[in-house]
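A.B. asks: File target26.txt follows (compact mmCIF, C-alpha atoms):
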```txt
# COMPACT_ATOMS: atom_id res chain seq x y z
CA MET A 1 1.57 37.34 37.43
CA LYS A 2 0.75 36.60 33.79
CA LYS A 3 4.01 38.15 32.56
CA GLN A 4 5.97 36.20 35.14
CA LYS A 5 4.22 32.98 34.13
CA LYS A 6 4.96 33.58 30.44
CA THR A 7 8.60 34.30 31.27
CA GLN A 8 8.87 31.05 33.18
CA GLU A 9 7.30 29.12 30.29
CA LYS A 10 9.76 30.63 27.81
CA GLU A 11 12.68 29.80 30.08
CA TYR A 12 11.45 26.23 30.46
CA ARG A 13 11.08 25.82 26.70
CA ARG A 14 14.55 27.25 26.12
CA LYS A 15 16.08 24.78 28.58
CA LEU A 16 14.09 21.91 27.05
CA ILE A 17 15.28 22.74 23.53
CA LYS A 18 18.83 23.07 24.78
CA ARG A 19 18.59 19.73 26.55
CA ARG A 20 17.27 18.00 23.40
CA LYS A 21 20.00 19.39 21.19
CA PRO A 22 22.09 16.45 19.96
CA ASN A 23 25.71 16.36 21.01
CA ARG A 24 27.17 16.42 17.49
CA SER A 25 29.66 18.62 15.72
CA VAL A 26 28.89 20.62 12.58
CA ALA A 27 31.00 18.21 10.54
CA GLY A 28 29.01 15.31 11.96
CA ASP A 29 25.73 16.97 10.96
CA ILE A 30 27.02 17.60 7.44
CA ALA A 31 28.20 13.99 7.10
CA LEU A 32 24.83 12.72 8.36
CA TYR A 33 22.86 14.84 5.89
CA LEU A 34 25.12 13.82 3.01
CA PHE A 35 24.60 10.16 3.90
CA LEU A 36 20.82 10.64 4.04
CA LEU A 37 20.86 12.42 0.68
CA MET A 38 22.86 9.57 -0.84
CA VAL A 39 20.43 6.96 0.52
CA ALA A 40 17.46 9.01 -0.72
CA PHE A 41 19.00 9.24 -4.20
CA VAL A 42 19.64 5.49 -4.34
CA MET A 43 16.02 4.79 -3.35
CA ALA A 44 14.57 7.36 -5.78
CA PHE A 45 16.84 6.48 -8.72
CA PRO A 46 14.66 3.65 -10.15
CA ILE A 47 11.63 5.92 -10.20
CA ILE A 48 13.58 8.79 -11.74
CA TYR A 49 15.03 6.51 -14.42
CA ALA A 50 11.62 5.00 -15.24
CA VAL A 51 10.00 8.42 -15.67
CA SER A 52 12.97 9.69 -17.68
CA SER A 53 12.84 6.64 -19.97
CA ALA A 54 9.12 7.23 -20.59
CA LEU A 55 9.97 10.77 -21.76
CA LYS A 56 12.74 9.69 -24.16
CA PRO A 57 12.19 9.46 -27.93
CA LEU A 58 12.81 6.08 -29.51
CA ASP A 59 16.37 6.88 -30.67
CA GLU A 60 17.47 7.79 -27.13
CA LEU A 61 16.02 4.58 -25.68
CA PHE A 62 18.47 2.54 -27.81
CA ARG A 63 21.47 4.81 -27.30
CA PHE A 64 24.63 3.23 -25.87
CA PRO A 65 25.88 4.03 -23.34
CA PRO A 66 22.42 4.83 -21.98
CA THR A 67 21.69 8.23 -20.48
CA ILE A 68 19.76 8.83 -17.27
CA PHE A 69 17.86 11.93 -18.34
CA ALA A 70 16.17 12.58 -21.66
CA LYS A 71 17.98 15.14 -23.84
CA HIS A 72 14.86 15.82 -25.89
CA PRO A 73 11.92 14.96 -23.60
CA THR A 74 8.62 14.17 -25.26
CA ILE A 75 5.21 12.77 -24.30
CA ASP A 76 4.82 10.89 -27.58
CA ASN A 77 5.20 7.57 -25.76
CA PHE A 78 2.15 8.30 -23.62
CA SER A 79 0.10 9.59 -26.56
CA ASP A 80 1.03 6.51 -28.62
CA LEU A 81 0.08 4.30 -25.69
CA PHE A 82 -3.41 5.78 -25.45
CA VAL A 83 -3.83 5.63 -29.22
CA THR A 84 -2.97 1.92 -29.15
CA MET A 85 -5.35 1.35 -26.25
CA GLY A 86 -8.05 3.26 -28.12
CA LYS A 87 -7.78 0.84 -31.05
CA SER A 88 -8.37 -2.14 -28.76
CA TRP A 89 -11.63 -4.08 -28.91
CA VAL A 90 -12.19 -3.30 -25.24
CA THR A 91 -11.98 0.37 -24.30
CA PHE A 92 -9.36 1.79 -21.94
CA SER A 93 -12.09 2.91 -19.53
CA ARG A 94 -13.34 -0.68 -19.24
CA TYR A 95 -9.89 -2.00 -18.30
CA LEU A 96 -9.53 0.84 -15.80
CA PHE A 97 -12.95 0.13 -14.26
CA ASN A 98 -12.11 -3.56 -13.84
CA THR A 99 -8.86 -2.76 -12.02
CA VAL A 100 -10.36 -0.04 -9.81
CA PHE A 101 -13.36 -2.21 -8.89
CA ILE A 102 -11.21 -5.22 -7.98
CA THR A 103 -8.74 -3.07 -6.04
CA PHE A 104 -11.36 -1.10 -4.11
CA VAL A 105 -13.66 -4.00 -3.19
CA GLY A 106 -10.78 -6.36 -2.44
CA THR A 107 -8.99 -3.84 -0.22
CA ALA A 108 -12.15 -2.79 1.64
CA GLY A 109 -13.23 -6.38 2.28
CA HIS A 110 -9.74 -7.44 3.35
CA LEU A 111 -9.51 -4.52 5.77
CA ILE A 112 -12.92 -5.16 7.36
CA ILE A 113 -12.58 -8.94 7.69
CA ALA A 114 -8.96 -8.85 8.88
CA SER A 115 -9.71 -6.13 11.44
CA MET A 116 -12.76 -7.88 12.88
CA GLY A 117 -10.95 -11.21 13.09
CA ALA A 118 -7.86 -9.61 14.63
CA PHE A 119 -9.97 -7.84 17.27
CA VAL A 120 -11.47 -11.12 18.43
CA LEU A 121 -8.11 -12.92 18.46
CA ALA A 122 -6.30 -10.08 20.25
CA LYS A 123 -8.84 -9.16 22.95
CA TYR A 124 -10.89 -12.29 23.64
CA GLU A 125 -10.01 -15.70 25.03
CA PHE A 126 -11.82 -18.73 23.61
CA PRO A 127 -10.97 -22.39 22.96
CA GLY A 128 -8.62 -22.70 19.99
CA ASN A 129 -7.58 -19.05 20.01
CA GLN A 130 -3.83 -19.68 19.88
CA THR A 131 -4.22 -22.66 17.56
CA PHE A 132 -6.14 -20.61 15.00
CA PHE A 133 -3.52 -17.85 15.09
CA LYS A 134 -0.75 -20.41 14.58
CA ILE A 135 -2.57 -21.67 11.50
CA VAL A 136 -2.72 -18.11 10.17
CA THR A 137 1.01 -17.69 10.84
CA VAL A 138 1.83 -20.93 9.03
CA ALA A 139 -0.35 -19.86 6.09
CA MET A 140 1.94 -16.87 5.57
CA MET A 141 4.74 -19.28 4.63
CA PHE A 142 2.95 -20.40 1.45
CA THR A 143 3.21 -18.18 -1.60
CA GLY A 144 0.53 -17.80 -4.24
CA TYR A 145 2.35 -20.22 -6.54
CA VAL A 146 1.95 -23.03 -3.99
CA THR A 147 -1.77 -22.44 -3.44
CA GLN A 148 -2.66 -21.59 -7.02
CA ILE A 149 -3.89 -25.06 -8.05
CA PRO A 150 -6.06 -25.64 -4.91
CA ASN A 151 -7.44 -22.11 -5.26
CA TYR A 152 -8.33 -22.73 -8.89
CA LEU A 153 -10.10 -26.00 -8.09
CA ILE A 154 -12.11 -24.39 -5.28
CA LEU A 155 -13.04 -21.33 -7.34
CA ASN A 156 -14.01 -23.53 -10.27
CA ARG A 157 -16.28 -25.62 -8.03
CA LEU A 158 -17.91 -22.43 -6.76
CA GLY A 159 -18.42 -21.17 -10.31
CA TRP A 160 -16.34 -18.02 -9.85
CA ILE A 161 -13.81 -18.60 -12.62
CA ASP A 162 -13.89 -15.77 -15.18
CA THR A 163 -15.54 -13.39 -12.69
CA TYR A 164 -14.26 -10.56 -10.51
CA TRP A 165 -14.85 -12.67 -7.40
CA ALA A 166 -12.05 -15.04 -8.40
CA ILE A 167 -9.62 -12.23 -7.47
CA ILE A 168 -11.63 -10.41 -4.80
CA ILE A 169 -12.63 -13.30 -2.51
CA PRO A 170 -9.10 -14.75 -2.11
CA ALA A 171 -7.90 -11.22 -1.29
CA PHE A 172 -10.31 -11.16 1.66
CA ALA A 173 -8.58 -14.18 3.18
CA SER A 174 -4.98 -12.99 2.92
CA PRO A 175 -3.26 -13.99 6.19
CA MET A 176 -0.92 -11.00 6.15
CA GLY A 177 -3.69 -8.56 7.06
CA LEU A 178 -4.98 -10.63 9.97
CA PHE A 179 -1.46 -11.13 11.35
CA LEU A 180 -0.59 -7.43 11.08
CA MET A 181 -3.82 -6.19 12.67
CA LYS A 182 -3.74 -8.76 15.46
CA GLN A 183 -0.18 -7.94 16.46
CA PHE A 184 -0.95 -4.23 16.53
CA MET A 185 -4.22 -4.60 18.45
CA GLU A 186 -2.47 -6.55 21.19
CA GLY A 187 -0.65 -3.35 22.11
CA LEU A 188 -3.94 -1.50 22.62
CA PRO A 189 -4.71 -1.09 26.35
CA THR A 190 -7.44 -3.46 27.49
CA SER A 191 -8.42 -0.89 30.13
CA LEU A 192 -9.52 1.45 27.34
CA ILE A 193 -11.94 -1.17 25.98
CA GLU A 194 -13.23 -2.01 29.46
CA ALA A 195 -13.85 1.69 30.19
CA ALA A 196 -15.87 2.00 26.98
CA LYS A 197 -17.99 -1.02 27.93
CA ILE A 198 -18.61 0.43 31.40
CA ASP A 199 -19.88 3.60 29.72
CA GLY A 200 -22.41 1.48 27.82
CA ALA A 201 -20.71 0.95 24.45
CA ASN A 202 -21.60 -2.27 22.66
CA GLU A 203 -19.10 -4.49 20.83
CA TRP A 204 -19.52 -2.77 17.46
CA ARG A 205 -19.16 0.67 19.02
CA VAL A 206 -15.97 -0.40 20.79
CA PHE A 207 -14.57 -1.84 17.57
CA ALA A 208 -15.51 0.99 15.20
CA GLY A 209 -15.19 3.97 17.55
CA ILE A 210 -12.36 2.96 19.88
CA VAL A 211 -10.19 0.22 18.42
CA MET A 212 -10.01 1.16 14.72
CA PRO A 213 -9.07 4.83 15.21
CA ASN A 214 -6.28 3.82 17.59
CA VAL A 215 -4.81 1.24 15.21
CA LYS A 216 -4.82 3.55 12.22
CA PRO A 217 -1.12 2.97 11.41
CA ALA A 218 -1.82 -0.76 11.05
CA TRP A 219 -4.78 -0.51 8.71
CA MET A 220 -3.18 2.26 6.65
CA THR A 221 -0.19 -0.06 6.15
CA LEU A 222 -2.59 -2.86 5.26
CA ILE A 223 -4.22 -0.64 2.63
CA ILE A 224 -0.83 0.04 1.05
CA PHE A 225 0.01 -3.66 0.76
CA SER A 226 -3.46 -4.63 -0.48
CA VAL A 227 -3.69 -1.89 -3.11
CA GLN A 228 -0.23 -2.71 -4.40
CA ALA A 229 -1.03 -6.42 -4.70
CA LEU A 230 -4.46 -5.99 -6.35
CA TRP A 231 -3.54 -3.12 -8.65
CA ASN A 232 -0.60 -5.09 -10.08
CA ASN A 233 -2.56 -8.34 -10.36
CA ARG A 234 -2.76 -9.50 -13.99
CA ALA A 235 -5.61 -11.92 -13.11
CA SER A 236 -4.84 -13.92 -16.25
CA THR A 237 -5.07 -17.25 -14.40
CA TYR A 238 -8.70 -16.84 -13.36
CA ILE A 239 -10.17 -14.31 -15.83
CA TYR A 240 -10.34 -15.16 -19.53
CA SER A 241 -12.97 -12.79 -20.94
CA GLU A 242 -11.33 -9.74 -22.46
CA GLU A 243 -13.98 -7.35 -21.11
CA ARG A 244 -13.15 -8.45 -17.54
CA LYS A 245 -9.36 -8.29 -17.77
CA THR A 246 -7.39 -5.77 -15.73
CA LEU A 247 -5.54 -2.68 -16.90
CA VAL A 248 -2.15 -4.14 -15.99
CA TYR A 249 -2.76 -7.17 -18.22
CA ALA A 250 -3.74 -4.99 -21.19
CA LEU A 251 -0.76 -2.68 -20.71
CA GLN A 252 1.68 -5.57 -20.45
CA GLN A 253 0.34 -6.99 -23.71
CA ILE A 254 1.26 -3.69 -25.35
CA GLN A 255 4.64 -3.78 -23.61
CA SER A 256 5.39 -7.16 -25.21
CA GLY A 257 4.71 -5.84 -28.70
CA GLY A 258 8.37 -5.78 -29.77
CA ILE A 259 11.02 -3.14 -30.47
CA ALA A 260 8.56 -0.75 -32.13
CA ARG A 261 6.68 -0.44 -28.83
CA THR A 262 9.69 0.07 -26.56
CA GLY A 263 8.69 3.67 -25.89
CA GLN A 264 5.13 2.62 -25.08
CA GLY A 265 6.53 -0.07 -22.79
CA ALA A 266 8.41 2.59 -20.83
CA ALA A 267 5.19 4.61 -20.56
CA VAL A 268 3.35 1.48 -19.39
CA LEU A 269 5.79 1.10 -16.50
CA VAL A 270 5.07 4.64 -15.31
CA VAL A 271 1.29 4.25 -15.60
CA VAL A 272 1.34 0.98 -13.67
CA MET A 273 3.50 2.23 -10.81
CA VAL A 274 2.02 5.72 -10.36
CA VAL A 275 -1.09 4.67 -8.40
CA PRO A 276 0.68 2.48 -5.78
CA ILE A 277 3.31 5.21 -5.31
CA LEU A 278 0.68 7.90 -4.75
CA ILE A 279 -1.21 5.67 -2.31
CA PHE A 280 2.01 5.01 -0.42
CA VAL A 281 3.02 8.69 -0.28
CA PHE A 282 -0.31 9.93 1.06
CA SER A 283 -0.77 7.00 3.43
CA GLU A 284 2.77 7.24 4.81
CA SER A 285 2.25 10.82 5.93
CA GLN A 286 -0.88 9.82 7.82
CA ILE A 287 0.87 6.83 9.38
CA LEU A 288 3.75 8.95 10.67
CA GLU A 289 1.37 11.59 11.97
CA THR A 290 -0.74 8.98 13.78
CA MET A 291 2.22 7.20 15.30
CA ALA A 292 3.63 10.50 16.54
CA SER A 293 0.37 11.67 18.11
CA SER A 294 -1.08 8.45 19.52
CA GLY A 295 0.84 6.73 22.26
CA LEU A 296 -1.49 4.79 24.52
CA LYS A 297 -0.11 2.90 27.46
CA ASP A 298 -1.64 0.99 30.33
```
Could the structure of this file be written out as structure tokens, please?

C.D. replies:
Amino acid sequence: MKKQKKTQEKEYRRKLIKRRKPNRSVAGDIALYLFLLMVAFVMAFPIIYAVSSALKPLDELFRFPPTIFAKHPTIDNFSDLFVTMGKSWVTFSRYLFNTVFITFVGTAGHLIIASMGAFVLAKYEFPGNQTFFKIVTVAMMFTGYVTQIPNYLILNRLGWIDTYWAIIIPAFASPMGLFLMKQFMEGLPTSLIEAAKIDGANEWRVFAGIVMPNVKPAWMTLIIFSVQALWNNRASTYIYSEERKTLVYALQQIQSGGIARTGQGAAVLVVVMVVPILIFVFSESQILETMASSGLKD
């Protein structure tokens, strides 16, 4: 009986694989893969060129016509960059701490506040529910340049100018996170939440143990956007003390040092972009895995 059952399972799998096989010719498959390789190269080319430029000596950076890859790769640009940073009045580790602290606290607070607010808006009915969400949607139309003066006046009145909170607190209230989480939570089955409440789970247990794990793609995407925005924030509008400035600001000051620092400027570009790229790569794999394995329907 067991052998017969295994044989039937193998036959079923063989038929299933055969049924799923796309109806394409070999030439069509080759053309599709060539197209995907071309698109991948176009998307990866800016990163490849930035890294290659950071590895070029100074004479190759000014060569015309420019070359894509370095003929004599060197890490002198990176060593010169850290030597220049080491001569600064504020140490490199201090700039790095400022950026990491602002990015971590701002992202964590944005994720928690946006998720809690989105859960209430998506799964509860109360007076003004739709009106509040419309206000959030309208707020997404205004860029930071439009709201910069009102934000500065409010932060100045609160006494937060020239502090970390001038960057962190506005990051908590970014409307993009609330909109993204709310739209994703609306697709979560209400029956799942009701079943958890019948089993005795309180509101916090439902939110932390049921809702958040099932909307992992949304909050992983939110982390990517938040880290990218905060890591690349120069914070020069609200922070004036040198010991509180961010790493990106300090690196861009070196980048604007003239022709002699062109190689260091290329290294700055790589240092600035490496963290957001790594966050995106690791988070994207988890997003795809979650979306492939979690499909809840009413």

A.B. asks: Which residues of segment 75-132 of chain A sit at most 7 Å from segment 259-278 of chain A, using only C-alpha atoms? Give each one's shortest atom pair and distance in Å (one decimal place), in chain and ascending residue order, as JSON lines.

C.D. replies:
```
{"residue": "A:Asn77", "atom": "CA", "partner": "A:Gln264", "partner_atom": "CA", "distance": 5.0}
{"residue": "A:Phe78", "atom": "CA", "partner": "A:Ala267", "partner_atom": "CA", "distance": 5.7}
{"residue": "A:Asp80", "atom": "CA", "partner": "A:Gln264", "partner_atom": "CA", "distance": 6.7}
{"residue": "A:Leu81", "atom": "CA", "partner": "A:Gln264", "partner_atom": "CA", "distance": 5.4}
```

A.B. asks: Which residues are near Val206 of chain A? Cut-off 10 Å, all atoms listed in the file, ignore same chain within fewer than 5 positions. Put them as a VMD selection string.

C.D. replies: chain A and resid 192 to 197 200 to 201 211 to 212

A.B. asks: Report, in Å to a single decimal, how far apart atom CA of Gly106 of chain A and atom CA of Gln183 of chain A are.

C.D. replies: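 Atom CA of Gln183 of chain A sits 21.7 Å away from atom CA of Gly106 of chain A.
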
A.B. asks: Around (-8.0, -15.6, 4.4) in the file's frame, which residues reach within 12 Å when counting all atoms listed in the file? Return as JSON, numbers by chain?

C.D. replies: {"A": [106, 109, 110, 111, 112, 113, 114, 115, 117, 118, 132, 133, 135, 136, 137, 139, 140, 151, 168, 169, 170, 171, 172, 173, 174, 175, 176, 177, 178, 179]}

A.B. asks: Enter the distance from atom CA of Ala229 of chain A to atom CA of Lys245 of chain A, in Å, rounded to one decimal.

C.D. replies: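 Going from atom CA of Ala229 of chain A over to atom CA of Lys245 of chain A covers 15.6 Å.
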
A.B. asks: Which is closer to Ala208 of chain A than all the others in A:Phe119, A:Tyr49, A:Trp231, A:Tyr33, using only C-alpha atoms?

C.D. replies: A:Phe119

A.B. asks: In Å to one decimal, how far is atom CA of Ala235 of chain A from atom CA of Gln253 of chain A?

C.D. replies: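 Distance reported for this atom pair: 13.1 Å.
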
A.B. asks: Do you know which residues are at most 10 Å from Val100 of chain A counting only C-alpha atoms, after dropping those on the same chain fewer than 2 positions away, and could you put them as a list in words?

C.D. replies: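 Contacts, in chain order: Arg94, Tyr95, Leu96, Phe97, Asn98, Ile102, Thr103, Phe104, Val105, Gly106, Val227, Leu230, Trp231, Thr246 and Leu247 of chain A.
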
A.B. asks: Rank nothing, just name the residue among A:Ala70, A:Met141, A:Ala122, A:Leu155 nearest to Pro189 of chain A, using all atoms listed in the file.

C.D. replies: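 Using all atoms listed in the file, the shortest distance to Pro189 of chain A belongs to A:Ala122.
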
A.B. asks: Counting all atoms listed in the file, which residue out of A:Leu158, A:Val51, A:Leu121, A:Ala250 sits closest to Leu180 of chain A?

C.D. replies: A:Leu121

A.B. asks: My list of candidates is A:Leu58, A:Tyr238, A:Phe92, A:Ala44. Which is closest to Tyr152 of chain A when distances are computed with all atoms listed in the file?

C.D. replies: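 Counting all atoms listed in the file, the residue closest to Tyr152 of chain A is A:Tyr238.
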
A.B. asks: Of the candidates A:Phe126, A:Thr143, A:Asn233, A:Glu203, which shows the shortest atom-to-atom distance to Ile167 of chain A, using all atoms listed in the file?

C.D. replies: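 Of the candidates, the smallest distance to Ile167 of chain A is held by A:Asn233.
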